[in-house]
Each structure stands twice: as structure tokens, then as C-alpha cells.
Amino acid sequence: MTYFEGINKINYEGSSSTNPYAFKFYNPGEKIGGKTMEEILRFGVAYWHTFTEDLSDPFGVGTAIRPWNKFTGLDLAKARVEAAFEFFEKLGVPYFCFHDVDIAPEGSSLRESNQNIDTIVAMIKDYMKNSKTKLLWNTVNNFTHPRFVHGAASSSSADVFAYAAAKVKKGLEVGKELGAENYVFWGGREGYETLLNTDMKLELDNLGRFFHMAIDYAREIGFDAQFLIEPKPKEPTSHQYDFDVASGYAFLQHYDLQDHFKFNIEANHATLAGHTFEHELRYARVNGMLGSVDANQGHPLLGWDTDEFPSDLYATTLAMYEIIKNGGLGRGGLNFDAKVRRGSFTPEDLFRAHIVGMDSFAVGLKVAQKLMDDNALDSIIEERYSSYKEGIGREMVEGKTDFHQLEEHALALTEIKQQSGKLESIKATINQYLLTAYAGE
Ligand code: XLS
Ligand code: CA
Ligand code: CA
């Protein structure tokens, strides 16, 4: 059965194309800095937003028209798999990601849920044999069901902790079975509403214990995926324990987990935390902790997690700059944890949304690579910090000074020369690169 009638393979047609079902900038085979766009960008489709989501919001029911909606139960889950692989093929995307409950319905018991998962995983595995699309990461949903009302690994109930562990255990087995490159832990409800009823220390310790047991089990079954923590500051709880990369990194270090994890950084979570996307990427990168990316964007006027498809070229450029500087994403990728707007309810909108996301990151990649090749931003930074290359600055950086020498140096100063930060001209340069990267094509 065909689910996306009338849509053919999405091809690259170049920046002058007016075909809504063609890439204007994402040219998978085009080499940028020695590697193809496909190899660098490693795009992934998020199963939950594209095949499971009904586009409901807190004020209204779902609006999504999906050709598989005529089915129910396991038949619906199977139809989604068929539709998903047709979609991957037509979009030409190398990866996908899912939670356990996205692919298979929960049963009336854990055992039954696991059986449903087994049925669908066997089907996915079969489809993967004839598909170039691989699993970037999987995870489990330990936040939607009422049992997780007080969290999962940070729940006040030990039974819930055990249930959450059993679900992750199954998730790790599924990841191994399907050859997942990564395994993601997003906090879900790992946080709290109020301290008035919360034992914060016990909850944090339990989270640490949970992650250690997950590592042990992955090792036991020989599942060698990269483990990723996905920070988010709030939503659904008012205080999420993995607030941002900096707090997540401190948590990992405190519980001796830093060698087993990297971060999966979501753009919209960065902005919810009061950071820019590039801040989170940079913080992870300079600490050797940048693992993967959930590529989306928030709405500048809304203070919540809107999960929009990325279209802001400035943001994708600065993000790709960090990713290239990181030497790429390794086993990670750019997963579109993004949903079409409630008003974009047709199946065709799913293609158009992914096309704008893929094109936007392709532009970002090309512009960022050019900025780097021309040393356009680095030269400014190098000059700005040049006082640490010689004299007292150099001695300090090399660990050859103490407060006595620094005081001596300061006392002898007659004037301190400051330089301009040149922010406006840096922005002008970025605009110039953005507008000329595709000139002449
Ligand atoms: C929710 C998160 C979630 C994770 C995977 O805000 O982004 O979808 O990516 O559990
Ligand atoms: Ca995410
Ligand atoms: Ca989000």
C-alpha cells in the first residue's frame, strides 16, 4: 500500500527551483570540506512527531490527516512502519529515531507491552534490511503514562523506579537489535514541582544509580551505542534536573558518569533555558561532550517548547559552525525533533516541513564552512585574545605566574589598552557570507 500518493522521490533541484517537493540547497552528494552533505548532516526523522503525533494542543483536539489513521491497535502500529519507510525512502533520509510507545501501543501489562514492541521491532528490522535508513537513536517514554506522575528514576515510588528500569532495559535490547548508533535519556518528568514534598538528594542519587545500572546492562548485552543525555530546563516539571549542558555536565561528573555520556542538544530546549542554541553546542563542544542534536526551533514570542521545523538560517549557520569545529557529530546526527504546525495538517506538509529543515541546515553548513575556510571569525577572536600570546598573559596561561607577579605587573601599568569587540562588523560579515554562499549557482 502507498501512503503518500502523488509524492515522488525528493531530489535536489538547486536554488532556482520552484518545485515545493525538491531540495533547493540540500544536495546529498555535494562535498563540503572533503565530505558529502549527507555524511556531515546525518539527518534523522523523529517517529513521534511525524507518524504518531495527532497535532492536538492543550486547547484543541488533533487535526492531523494521516492515511494510516483508519487502522487501530497493532494494525495502526504496522501501518505506521510501512508509511515511515516509504517516507524515509522518498525523503532520502539516512536516520530515524523513536520512543518505545511511538512504534508500539502499550499493553495492559509490561509483558504485553514488550510483546507489542517485539512484534513491531521484528517488522522494522525486516524493513531496515532493504532500506538505507538506519536508527540514529531510540529511547523510552517514561513520562506520558499516569504511573510516571512523580517521575521515573526520580520518582518517590520504588515500584515506579523499577518499572522505569524495566522499560529502559527493554529499550537497550531494542537498540541493540536494530543497531542504534545512540541511546537517548531525556529527563521527561525527572525533576520536581515543589521542594515542599521532595527529597532532592535522594532523587538525584537515584538518577545517578539508574544511569550506572543502564551502562552496566548495555555492557552486559554488548550494546555499544553512545549514551546521550538531553537537557531541558522545564516542561513538564517546573524544575528539570538536567537543566542545561552545564548543569548536566556537573551532574555527570558528580556521579562519575562523564566518560559514558555525551549530550543530545535540542535547539528549543536551549532557548527555554535562556541560552542560545550555539551556547549549548559550544559548552558541550569545548568540554568534549557534544554528541548529537535535536534540530528544531522555538517561537521567539512563545515561552514554551514549540518544536518547530528549523528555518532560521542565522541559527543553522551558527549551529553548523560549532558542529564543524567539533569535527562533526561522530555517531550523532541532526534529528528533526520538530512537528508541523497544527494548521499544517496534510500528509504533504510532512514532506514540506522536512525539506525546509534539511535545506536550512544545508545552507548553514555551506556558510559555516566558508566562514571557517576564510578564517573570518577565528581571526577576530585570535586578535581579541592576543594579549595571552605574549608577555604576562602568556606567562599566566603557561602557569608561570602567581598573584605576586600579577600585582607587580598591574602596579607598573600606566594605561590599559582595550580593543573594540567589533560585534556589528562581525554580524555584517555573517550577513555577507549568508547572502553570497550560493551566488553564481
Ligand atoms: C521533549 C524531548 C523528547 C526527547 C526524547 O521535549 O525533546 O522528545 O527528545 O524523549
Ligand atoms: Ca528532543
Ligand atoms: Ca522539544
# chains A, B, ... in the order shown; residues from 1 in each chain; ligands from 1
>>> closest_atom_pairs(of="chain A", to="ligand 3", cutoff="7 Å", atoms="only C-alpha atoms and all ligand atoms", output="CSV")
residue,atom,partner,partner_atom_place_in_ligand_line,distance
A:Glu266,CA,ligand 3,1 (Ca),6.7
A:Asn268,CA,ligand 3,1 (Ca),5.6
A:His269,CA,ligand 3,1 (Ca),5.9
A:Asp305,CA,ligand 3,1 (Ca),5.1
A:Thr306,CA,ligand 3,1 (Ca),6.7
A:Asp307,CA,ligand 3,1 (Ca),5.0
A:Asp337,CA,ligand 3,1 (Ca),6.6
>>> write_last_selection(atoms="N, CA, C and O atoms", output="mmCIF file, in the first residue's frame")
data_model
loop_
_atom_site.group_PDB
_atom_site.id
_atom_site.type_symbol
_atom_site.label_atom_id
_atom_site.label_comp_id
_atom_site.auth_asym_id
_atom_site.auth_seq_id
_atom_site.Cartn_x
_atom_site.Cartn_y
_atom_site.Cartn_z
ATOM 1 N N GLU A 266 19.083 19.976 22.095
ATOM 2 C CA GLU A 266 17.931 20.434 21.315
ATOM 3 C C GLU A 266 17.878 21.954 21.316
ATOM 4 O O GLU A 266 17.962 22.592 22.367
ATOM 5 N N ASN A 268 15.396 24.081 20.823
ATOM 6 C CA ASN A 268 14.299 24.686 21.582
ATOM 7 C C ASN A 268 14.508 24.565 23.094
ATOM 8 O O ASN A 268 14.085 25.425 23.863
ATOM 9 N N HIS A 269 15.197 23.524 23.532
ATOM 10 C CA HIS A 269 15.491 23.386 24.961
ATOM 11 C C HIS A 269 16.541 24.405 25.383
ATOM 12 O O HIS A 269 16.498 24.922 26.499
ATOM 13 N N ASP A 305 7.895 24.959 24.558
ATOM 14 C CA ASP A 305 8.605 24.069 23.649
ATOM 15 C C ASP A 305 7.756 23.834 22.398
ATOM 16 O O ASP A 305 6.975 22.904 22.348
ATOM 17 N N THR A 306 7.916 24.695 21.399
ATOM 18 C CA THR A 306 7.029 24.602 20.227
ATOM 19 C C THR A 306 7.528 23.615 19.181
ATOM 20 O O THR A 306 6.789 23.253 18.273
ATOM 21 N N ASP A 307 8.790 23.205 19.287
ATOM 22 C CA ASP A 307 9.319 22.167 18.380
ATOM 23 C C ASP A 307 9.040 22.459 16.907
ATOM 24 O O ASP A 307 8.513 21.610 16.178
ATOM 25 N N ASP A 337 13.534 16.797 15.716
ATOM 26 C CA ASP A 337 12.540 16.689 16.785
ATOM 27 C C ASP A 337 11.630 17.897 16.622
ATOM 28 O O ASP A 337 11.680 18.862 17.386
#
>>> closest_atom_pairs(of="chain A", to="ligand 2", cutoff="12 Å", atoms="only C-alpha atoms and all ligand atoms", output="Markdown table")
| residue | atom | partner | partner_atom_place_in_ligand_line | distance |
| --- | --- | --- | --- | --- |
| A:Gly44 | CA | ligand 2 | 1 (Ca) | 11.9 |
| A:Val45 | CA | ligand 2 | 1 (Ca) | 11.6 |
| A:Ala46 | CA | ligand 2 | 1 (Ca) | 9.0 |
| A:Tyr47 | CA | ligand 2 | 1 (Ca) | 11.7 |
| A:Trp48 | CA | ligand 2 | 1 (Ca) | 10.5 |
| A:His49 | CA | ligand 2 | 1 (Ca) | 10.5 |
| A:Cys97 | CA | ligand 2 | 1 (Ca) | 10.2 |
| A:Phe98 | CA | ligand 2 | 1 (Ca) | 10.6 |
| A:His99 | CA | ligand 2 | 1 (Ca) | 10.9 |
| A:Trp137 | CA | ligand 2 | 1 (Ca) | 11.3 |
| A:Asn138 | CA | ligand 2 | 1 (Ca) | 11.5 |
| A:Thr139 | CA | ligand 2 | 1 (Ca) | 10.7 |
| A:Asn141 | CA | ligand 2 | 1 (Ca) | 11.8 |
| A:Val184 | CA | ligand 2 | 1 (Ca) | 9.2 |
| A:Phe185 | CA | ligand 2 | 1 (Ca) | 9.7 |
| A:Trp186 | CA | ligand 2 | 1 (Ca) | 7.3 |
| A:Gly187 | CA | ligand 2 | 1 (Ca) | 10.1 |
| A:Gly188 | CA | ligand 2 | 1 (Ca) | 10.1 |
| A:Leu228 | CA | ligand 2 | 1 (Ca) | 11.2 |
| A:Ile229 | CA | ligand 2 | 1 (Ca) | 10.2 |
| A:Glu230 | CA | ligand 2 | 1 (Ca) | 6.9 |
| A:Pro231 | CA | ligand 2 | 1 (Ca) | 8.7 |
| A:Lys232 | CA | ligand 2 | 1 (Ca) | 8.5 |
| A:Glu235 | CA | ligand 2 | 1 (Ca) | 11.9 |
| A:Phe263 | CA | ligand 2 | 1 (Ca) | 11.1 |
| A:Asn264 | CA | ligand 2 | 1 (Ca) | 7.8 |
| A:Ile265 | CA | ligand 2 | 1 (Ca) | 7.6 |
| A:Glu266 | CA | ligand 2 | 1 (Ca) | 5.5 |
| A:Ala267 | CA | ligand 2 | 1 (Ca) | 8.6 |
| A:Asn268 | CA | ligand 2 | 1 (Ca) | 8.3 |
| A:His269 | CA | ligand 2 | 1 (Ca) | 7.8 |
| A:Ala270 | CA | ligand 2 | 1 (Ca) | 10.7 |
| A:Ser292 | CA | ligand 2 | 1 (Ca) | 10.4 |
| A:Val293 | CA | ligand 2 | 1 (Ca) | 8.3 |
| A:Asp294 | CA | ligand 2 | 1 (Ca) | 5.3 |
| A:Ala295 | CA | ligand 2 | 1 (Ca) | 8.2 |
| A:Asn296 | CA | ligand 2 | 1 (Ca) | 8.6 |
| A:Gln297 | CA | ligand 2 | 1 (Ca) | 10.9 |
| A:Gly298 | CA | ligand 2 | 1 (Ca) | 11.9 |
| A:Asp305 | CA | ligand 2 | 1 (Ca) | 9.7 |
| A:Thr306 | CA | ligand 2 | 1 (Ca) | 11.1 |
| A:Asp307 | CA | ligand 2 | 1 (Ca) | 8.4 |
| A:Glu308 | CA | ligand 2 | 1 (Ca) | 11.5 |
| A:Leu334 | CA | ligand 2 | 1 (Ca) | 10.7 |
| A:Asn335 | CA | ligand 2 | 1 (Ca) | 8.3 |
| A:Phe336 | CA | ligand 2 | 1 (Ca) | 8.5 |
| A:Asp337 | CA | ligand 2 | 1 (Ca) | 5.4 |
| A:Ala338 | CA | ligand 2 | 1 (Ca) | 8.4 |
| A:Lys339 | CA | ligand 2 | 1 (Ca) | 11.2 |
>>> residues_around(residues="region 60-67 of chain A", least_positions_apart="5", cutoff="7 Å", atoms="only C-alpha atoms", output="list in words")
Tyr3, Asp54, Leu55, Arg342, Phe345, Thr346 and Pro347 of chain A
>>> write_last_selection(atoms="all heavy atoms", output="mmCIF file, in the first residue's frame")
data_model
loop_
_atom_site.group_PDB
_atom_site.id
_atom_site.type_symbol
_atom_site.label_atom_id
_atom_site.label_comp_id
_atom_site.auth_asym_id
_atom_site.auth_seq_id
_atom_site.Cartn_x
_atom_site.Cartn_y
_atom_site.Cartn_z
ATOM 1 N N TYR A 3 1.183 5.204 0.997
ATOM 2 C CA TYR A 3 0.576 6.158 1.931
ATOM 3 C C TYR A 3 0.702 7.593 1.439
ATOM 4 O O TYR A 3 -0.110 8.429 1.762
ATOM 5 C CB TYR A 3 1.217 6.022 3.319
ATOM 6 C CG TYR A 3 0.891 4.698 3.962
ATOM 7 C CD1 TYR A 3 1.648 3.559 3.692
ATOM 8 C CD2 TYR A 3 -0.216 4.572 4.795
ATOM 9 C CE1 TYR A 3 1.334 2.337 4.258
ATOM 10 C CE2 TYR A 3 -0.547 3.350 5.368
ATOM 11 C CZ TYR A 3 0.236 2.234 5.095
ATOM 12 O OH TYR A 3 -0.082 1.037 5.658
ATOM 13 N N ASP A 54 -0.756 13.637 16.671
ATOM 14 C CA ASP A 54 -2.043 13.970 16.016
ATOM 15 C C ASP A 54 -2.253 15.487 15.909
ATOM 16 O O ASP A 54 -3.292 15.944 15.457
ATOM 17 C CB ASP A 54 -3.215 13.308 16.743
ATOM 18 C CG ASP A 54 -3.445 13.890 18.134
ATOM 19 O OD1 ASP A 54 -2.670 14.766 18.572
ATOM 20 O OD2 ASP A 54 -4.425 13.473 18.795
ATOM 21 N N LEU A 55 -1.277 16.266 16.374
ATOM 22 C CA LEU A 55 -1.322 17.737 16.312
ATOM 23 C C LEU A 55 -2.339 18.357 17.273
ATOM 24 O O LEU A 55 -2.786 19.480 17.069
ATOM 25 C CB LEU A 55 -1.544 18.251 14.884
ATOM 26 C CG LEU A 55 -0.490 17.841 13.850
ATOM 27 C CD1 LEU A 55 -0.806 18.459 12.494
ATOM 28 C CD2 LEU A 55 0.912 18.281 14.290
ATOM 29 N N ARG A 342 -0.167 23.020 13.806
ATOM 30 C CA ARG A 342 -1.500 22.402 13.859
ATOM 31 C C ARG A 342 -2.291 22.702 12.593
ATOM 32 O O ARG A 342 -3.132 21.908 12.154
ATOM 33 C CB ARG A 342 -2.235 22.913 15.106
ATOM 34 C CG ARG A 342 -3.510 22.172 15.418
ATOM 35 C CD ARG A 342 -3.953 22.451 16.856
ATOM 36 N NE ARG A 342 -5.206 21.776 17.160
ATOM 37 C CZ ARG A 342 -6.397 22.321 17.006
ATOM 38 N NH1 ARG A 342 -6.509 23.556 16.570
ATOM 39 N NH2 ARG A 342 -7.498 21.637 17.306
ATOM 40 N N PHE A 345 -1.861 20.342 8.429
ATOM 41 C CA PHE A 345 -2.306 19.003 8.835
ATOM 42 C C PHE A 345 -2.291 17.949 7.740
ATOM 43 O O PHE A 345 -2.664 16.818 7.969
ATOM 44 C CB PHE A 345 -3.715 19.096 9.437
ATOM 45 C CG PHE A 345 -4.634 19.969 8.634
ATOM 46 C CD1 PHE A 345 -5.137 19.549 7.415
ATOM 47 C CD2 PHE A 345 -4.971 21.249 9.092
ATOM 48 C CE1 PHE A 345 -5.962 20.369 6.662
ATOM 49 C CE2 PHE A 345 -5.796 22.078 8.334
ATOM 50 C CZ PHE A 345 -6.295 21.636 7.119
ATOM 51 N N THR A 346 -1.853 18.317 6.527
ATOM 52 C CA THR A 346 -1.913 17.321 5.441
ATOM 53 C C THR A 346 -0.643 16.455 5.440
ATOM 54 O O THR A 346 0.404 16.879 5.929
ATOM 55 C CB THR A 346 -2.040 18.002 4.058
ATOM 56 O OG1 THR A 346 -0.779 18.600 3.727
ATOM 57 C CG2 THR A 346 -3.123 19.069 4.050
ATOM 58 N N PRO A 347 -0.737 15.270 4.860
ATOM 59 C CA PRO A 347 0.461 14.415 4.769
ATOM 60 C C PRO A 347 1.580 15.106 3.981
ATOM 61 O O PRO A 347 2.750 14.928 4.280
ATOM 62 C CB PRO A 347 -0.031 13.170 4.033
ATOM 63 C CG PRO A 347 -1.509 13.172 4.159
ATOM 64 C CD PRO A 347 -1.940 14.586 4.336
#
>>> closest_residue(among="A:Tyr217, A:Tyr249, A:Tyr183, A:Phe361", to="ligand 1", atoms="only C-alpha atoms and all ligand atoms")
A:Tyr183
>>> closest_atom_pairs(of="region 324-388 of chain A", to="region 425-438 of chain A", cutoff="9 Å", atoms="only C-alpha atoms", output="CSV")
residue,atom,partner,partner_atom,distance
A:Val363,CA,A:Ala437,CA,8.0
A:Gly364,CA,A:Leu434,CA,8.3
A:Lys366,CA,A:Ala437,CA,6.9
A:Val367,CA,A:Ala437,CA,5.9
A:Ala368,CA,A:Tyr433,CA,8.6
A:Lys370,CA,A:Tyr433,CA,7.6
A:Leu371,CA,A:Tyr433,CA,7.2
A:Ala376,CA,A:Thr429,CA,7.8
A:Leu377,CA,A:Ile426,CA,7.3
A:Ile380,CA,A:Ile426,CA,8.4
>>> write_last_selection(atoms="N, CA, C and O atoms", output="PDB file, in the first residue's frame")
ATOM      1  N   VAL A 363      22.216  25.068   4.051  1.00  0.00           N
ATOM      2  CA  VAL A 363      22.716  26.440   3.907  1.00  0.00           C
ATOM      3  C   VAL A 363      23.671  26.742   5.064  1.00  0.00           C
ATOM      4  O   VAL A 363      24.783  27.248   4.866  1.00  0.00           O
ATOM      5  N   GLY A 364      23.235  26.409   6.271  1.00  0.00           N
ATOM      6  CA  GLY A 364      24.073  26.657   7.445  1.00  0.00           C
ATOM      7  C   GLY A 364      25.441  26.012   7.307  1.00  0.00           C
ATOM      8  O   GLY A 364      26.468  26.611   7.618  1.00  0.00           O
ATOM      9  N   LYS A 366      27.047  25.165   4.537  1.00  0.00           N
ATOM     10  CA  LYS A 366      27.865  25.772   3.491  1.00  0.00           C
ATOM     11  C   LYS A 366      28.443  27.121   3.945  1.00  0.00           C
ATOM     12  O   LYS A 366      29.619  27.414   3.731  1.00  0.00           O
ATOM     13  N   VAL A 367      27.599  27.906   4.598  1.00  0.00           N
ATOM     14  CA  VAL A 367      28.050  29.227   5.054  1.00  0.00           C
ATOM     15  C   VAL A 367      29.089  29.063   6.170  1.00  0.00           C
ATOM     16  O   VAL A 367      30.131  29.726   6.164  1.00  0.00           O
ATOM     17  N   ALA A 368      28.815  28.162   7.085  1.00  0.00           N
ATOM     18  CA  ALA A 368      29.745  27.966   8.210  1.00  0.00           C
ATOM     19  C   ALA A 368      31.102  27.479   7.705  1.00  0.00           C
ATOM     20  O   ALA A 368      32.158  27.922   8.184  1.00  0.00           O
ATOM     21  N   LYS A 370      32.442  28.065   4.870  1.00  0.00           N
ATOM     22  CA  LYS A 370      33.121  29.166   4.183  1.00  0.00           C
ATOM     23  C   LYS A 370      33.699  30.156   5.209  1.00  0.00           C
ATOM     24  O   LYS A 370      34.834  30.630   5.072  1.00  0.00           O
ATOM     25  N   LEU A 371      32.916  30.421   6.252  1.00  0.00           N
ATOM     26  CA  LEU A 371      33.402  31.313   7.325  1.00  0.00           C
ATOM     27  C   LEU A 371      34.680  30.745   7.924  1.00  0.00           C
ATOM     28  O   LEU A 371      35.622  31.464   8.255  1.00  0.00           O
ATOM     29  N   ALA A 376      37.243  33.811   8.852  1.00  0.00           N
ATOM     30  CA  ALA A 376      36.551  35.089   9.016  1.00  0.00           C
ATOM     31  C   ALA A 376      36.231  35.412  10.476  1.00  0.00           C
ATOM     32  O   ALA A 376      36.312  36.568  10.887  1.00  0.00           O
ATOM     33  N   LEU A 377      35.863  34.431  11.254  1.00  0.00           N
ATOM     34  CA  LEU A 377      35.527  34.701  12.658  1.00  0.00           C
ATOM     35  C   LEU A 377      36.719  34.418  13.572  1.00  0.00           C
ATOM     36  O   LEU A 377      36.982  35.159  14.519  1.00  0.00           O
ATOM     37  N   ILE A 380      39.275  37.219  14.129  1.00  0.00           N
ATOM     38  CA  ILE A 380      38.854  38.287  15.047  1.00  0.00           C
ATOM     39  C   ILE A 380      39.070  37.833  16.492  1.00  0.00           C
ATOM     40  O   ILE A 380      39.559  38.587  17.342  1.00  0.00           O
TER      41      ILE A 380
END
>>> residues_around(residues="region 160-164 of chain A", least_positions_apart="5", cutoff="7 Å", atoms="only C-alpha atoms", output="VMD selection string")
chain A and resid 142 147 to 148 152 to 153 155
>>> residues_around(residues="region 9-17 of chain A", least_positions_apart="3", cutoff="12 Å", atoms="only C-alpha atoms", output="number ranges by chain")
A: 4-6, 20-30, 37, 86-93, 348, 351-352, 354-355, 358-360, 362-363, 437-441
>>> write_last_selection(atoms="C-alpha atoms", output="PDB file, in the first residue's frame")
ATOM      1  CA  PHE A   4       1.985   9.236   0.246  1.00  0.00           C
ATOM      2  CA  GLU A   5       0.274   9.093  -3.163  1.00  0.00           C
ATOM      3  CA  GLY A   6       1.481  11.640  -5.645  1.00  0.00           C
ATOM      4  CA  PRO A  20       7.839  22.516  -3.384  1.00  0.00           C
ATOM      5  CA  TYR A  21       8.872  18.844  -3.368  1.00  0.00           C
ATOM      6  CA  ALA A  22      12.521  19.414  -4.228  1.00  0.00           C
ATOM      7  CA  PHE A  23      15.574  20.384  -2.237  1.00  0.00           C
ATOM      8  CA  LYS A  24      16.888  23.832  -3.134  1.00  0.00           C
ATOM      9  CA  PHE A  25      20.090  23.630  -1.082  1.00  0.00           C
ATOM     10  CA  TYR A  26      20.470  20.122   0.340  1.00  0.00           C
ATOM     11  CA  ASN A  27      22.441  18.248  -2.267  1.00  0.00           C
ATOM     12  CA  PRO A  28      23.301  14.961  -0.522  1.00  0.00           C
ATOM     13  CA  GLY A  29      26.285  14.061  -2.693  1.00  0.00           C
ATOM     14  CA  GLU A  30      27.870  17.532  -2.745  1.00  0.00           C
ATOM     15  CA  MET A  37      26.471  16.850   2.867  1.00  0.00           C
ATOM     16  CA  GLU A  86       8.000   4.944   2.381  1.00  0.00           C
ATOM     17  CA  PHE A  87       8.593   8.420   3.820  1.00  0.00           C
ATOM     18  CA  PHE A  88      12.302   7.747   4.594  1.00  0.00           C
ATOM     19  CA  GLU A  89      12.823   6.419   1.085  1.00  0.00           C
ATOM     20  CA  LYS A  90      11.122   9.338  -0.648  1.00  0.00           C
ATOM     21  CA  LEU A  91      12.895  11.915   1.515  1.00  0.00           C
ATOM     22  CA  GLY A  92      16.229  10.093   1.202  1.00  0.00           C
ATOM     23  CA  VAL A  93      16.973  10.492   4.887  1.00  0.00           C
ATOM     24  CA  GLU A 348       2.202  16.602   2.167  1.00  0.00           C
ATOM     25  CA  PHE A 351       7.487  16.471   3.360  1.00  0.00           C
ATOM     26  CA  ARG A 352       7.497  20.251   3.021  1.00  0.00           C
ATOM     27  CA  HIS A 354      11.430  18.239   6.392  1.00  0.00           C
ATOM     28  CA  ILE A 355      12.525  19.914   3.158  1.00  0.00           C
ATOM     29  CA  MET A 358      17.125  19.972   5.542  1.00  0.00           C
ATOM     30  CA  ASP A 359      17.624  22.950   3.231  1.00  0.00           C
ATOM     31  CA  SER A 360      18.151  25.284   6.187  1.00  0.00           C
ATOM     32  CA  ALA A 362      22.473  22.652   4.240  1.00  0.00           C
ATOM     33  CA  VAL A 363      22.716  26.440   3.907  1.00  0.00           C
ATOM     34  CA  ALA A 437      27.321  31.490  -0.301  1.00  0.00           C
ATOM     35  CA  TYR A 438      25.083  30.438  -3.179  1.00  0.00           C
ATOM     36  CA  ALA A 439      25.843  33.313  -5.548  1.00  0.00           C
ATOM     37  CA  GLY A 440      26.504  32.199  -9.073  1.00  0.00           C
ATOM     38  CA  GLU A 441      24.795  28.802  -8.716  1.00  0.00           C
TER      39      GLU A 441
END
>>> atom_distance(atom1="CA of Asp199 (chain A)", atom2="CA of Tyr241 (chain A)")
12.8 Å
>>> decode(residues="region 28-44 of chain A", atoms="N, CA, C and O atoms", output="PDB file, in the first residue's frame")
ATOM      1  N   PRO A  28      22.661  15.986  -1.348  1.00  0.00           N
ATOM      2  CA  PRO A  28      23.301  14.961  -0.522  1.00  0.00           C
ATOM      3  C   PRO A  28      24.722  14.586  -0.933  1.00  0.00           C
ATOM      4  O   PRO A  28      25.586  14.398  -0.081  1.00  0.00           O
ATOM      5  N   GLY A  29      24.966  14.519  -2.239  1.00  0.00           N
ATOM      6  CA  GLY A  29      26.285  14.061  -2.693  1.00  0.00           C
ATOM      7  C   GLY A  29      27.334  15.163  -2.783  1.00  0.00           C
ATOM      8  O   GLY A  29      28.516  14.882  -3.010  1.00  0.00           O
ATOM      9  N   GLU A  30      26.922  16.413  -2.595  1.00  0.00           N
ATOM     10  CA  GLU A  30      27.870  17.532  -2.745  1.00  0.00           C
ATOM     11  C   GLU A  30      28.881  17.551  -1.598  1.00  0.00           C
ATOM     12  O   GLU A  30      28.522  17.415  -0.433  1.00  0.00           O
ATOM     13  N   LYS A  31      30.139  17.706  -1.977  1.00  0.00           N
ATOM     14  CA  LYS A  31      31.183  17.686  -0.943  1.00  0.00           C
ATOM     15  C   LYS A  31      31.430  19.080  -0.361  1.00  0.00           C
ATOM     16  O   LYS A  31      31.574  20.047  -1.091  1.00  0.00           O
ATOM     17  N   ILE A  32      31.486  19.122   0.950  1.00  0.00           N
ATOM     18  CA  ILE A  32      31.793  20.365   1.661  1.00  0.00           C
ATOM     19  C   ILE A  32      32.943  20.016   2.602  1.00  0.00           C
ATOM     20  O   ILE A  32      32.795  19.162   3.478  1.00  0.00           O
ATOM     21  N   GLY A  33      34.082  20.657   2.395  1.00  0.00           N
ATOM     22  CA  GLY A  33      35.228  20.362   3.270  1.00  0.00           C
ATOM     23  C   GLY A  33      35.618  18.893   3.241  1.00  0.00           C
ATOM     24  O   GLY A  33      35.961  18.328   4.287  1.00  0.00           O
ATOM     25  N   GLY A  34      35.517  18.245   2.087  1.00  0.00           N
ATOM     26  CA  GLY A  34      36.011  16.871   1.947  1.00  0.00           C
ATOM     27  C   GLY A  34      35.006  15.764   2.197  1.00  0.00           C
ATOM     28  O   GLY A  34      35.270  14.603   1.916  1.00  0.00           O
ATOM     29  N   LYS A  35      33.820  16.114   2.735  1.00  0.00           N
ATOM     30  CA  LYS A  35      32.809  15.086   2.999  1.00  0.00           C
ATOM     31  C   LYS A  35      31.502  15.489   2.339  1.00  0.00           C
ATOM     32  O   LYS A  35      31.251  16.678   2.137  1.00  0.00           O
ATOM     33  N   THR A  36      30.646  14.514   2.076  1.00  0.00           N
ATOM     34  CA  THR A  36      29.369  14.878   1.448  1.00  0.00           C
ATOM     35  C   THR A  36      28.427  15.476   2.493  1.00  0.00           C
ATOM     36  O   THR A  36      28.546  15.213   3.692  1.00  0.00           O
ATOM     37  N   MET A  37      27.479  16.260   1.975  1.00  0.00           N
ATOM     38  CA  MET A  37      26.471  16.850   2.867  1.00  0.00           C
ATOM     39  C   MET A  37      25.752  15.752   3.654  1.00  0.00           C
ATOM     40  O   MET A  37      25.477  15.904   4.835  1.00  0.00           O
ATOM     41  N   GLU A  38      25.467  14.653   2.983  1.00  0.00           N
ATOM     42  CA  GLU A  38      24.747  13.565   3.651  1.00  0.00           C
ATOM     43  C   GLU A  38      25.554  13.007   4.830  1.00  0.00           C
ATOM     44  O   GLU A  38      25.015  12.753   5.904  1.00  0.00           O
ATOM     45  N   GLU A  39      26.877  12.861   4.596  1.00  0.00           N
ATOM     46  CA  GLU A  39      27.735  12.320   5.662  1.00  0.00           C
ATOM     47  C   GLU A  39      27.867  13.284   6.839  1.00  0.00           C
ATOM     48  O   GLU A  39      27.967  12.867   7.988  1.00  0.00           O
ATOM     49  N   ILE A  40      27.903  14.562   6.541  1.00  0.00           N
ATOM     50  CA  ILE A  40      28.095  15.538   7.619  1.00  0.00           C
ATOM     51  C   ILE A  40      26.800  15.748   8.397  1.00  0.00           C
ATOM     52  O   ILE A  40      26.792  15.745   9.623  1.00  0.00           O
ATOM     53  N   LEU A  41      25.689  15.916   7.651  1.00  0.00           N
ATOM     54  CA  LEU A  41      24.456  16.356   8.307  1.00  0.00           C
ATOM     55  C   LEU A  41      23.704  15.212   9.006  1.00  0.00           C
ATOM     56  O   LEU A  41      23.044  15.436  10.009  1.00  0.00           O
ATOM     57  N   ARG A  42      23.801  14.010   8.486  1.00  0.00           N
ATOM     58  CA  ARG A  42      23.237  12.838   9.172  1.00  0.00           C
ATOM     59  C   ARG A  42      21.818  13.108   9.705  1.00  0.00           C
ATOM     60  O   ARG A  42      21.540  12.947  10.893  1.00  0.00           O
ATOM     61  N   PHE A  43      20.928  13.498   8.770  1.00  0.00           N
ATOM     62  CA  PHE A  43      19.567  13.849   9.169  1.00  0.00           C
ATOM     63  C   PHE A  43      18.766  12.649   9.669  1.00  0.00           C
ATOM     64  O   PHE A  43      18.894  11.544   9.140  1.00  0.00           O
ATOM     65  N   GLY A  44      17.924  12.925  10.643  1.00  0.00           N
ATOM     66  CA  GLY A  44      17.039  11.892  11.164  1.00  0.00           C
ATOM     67  C   GLY A  44      15.595  12.385  11.252  1.00  0.00           C
ATOM     68  O   GLY A  44      15.342  13.571  11.491  1.00  0.00           O
TER      69      GLY A  44
END
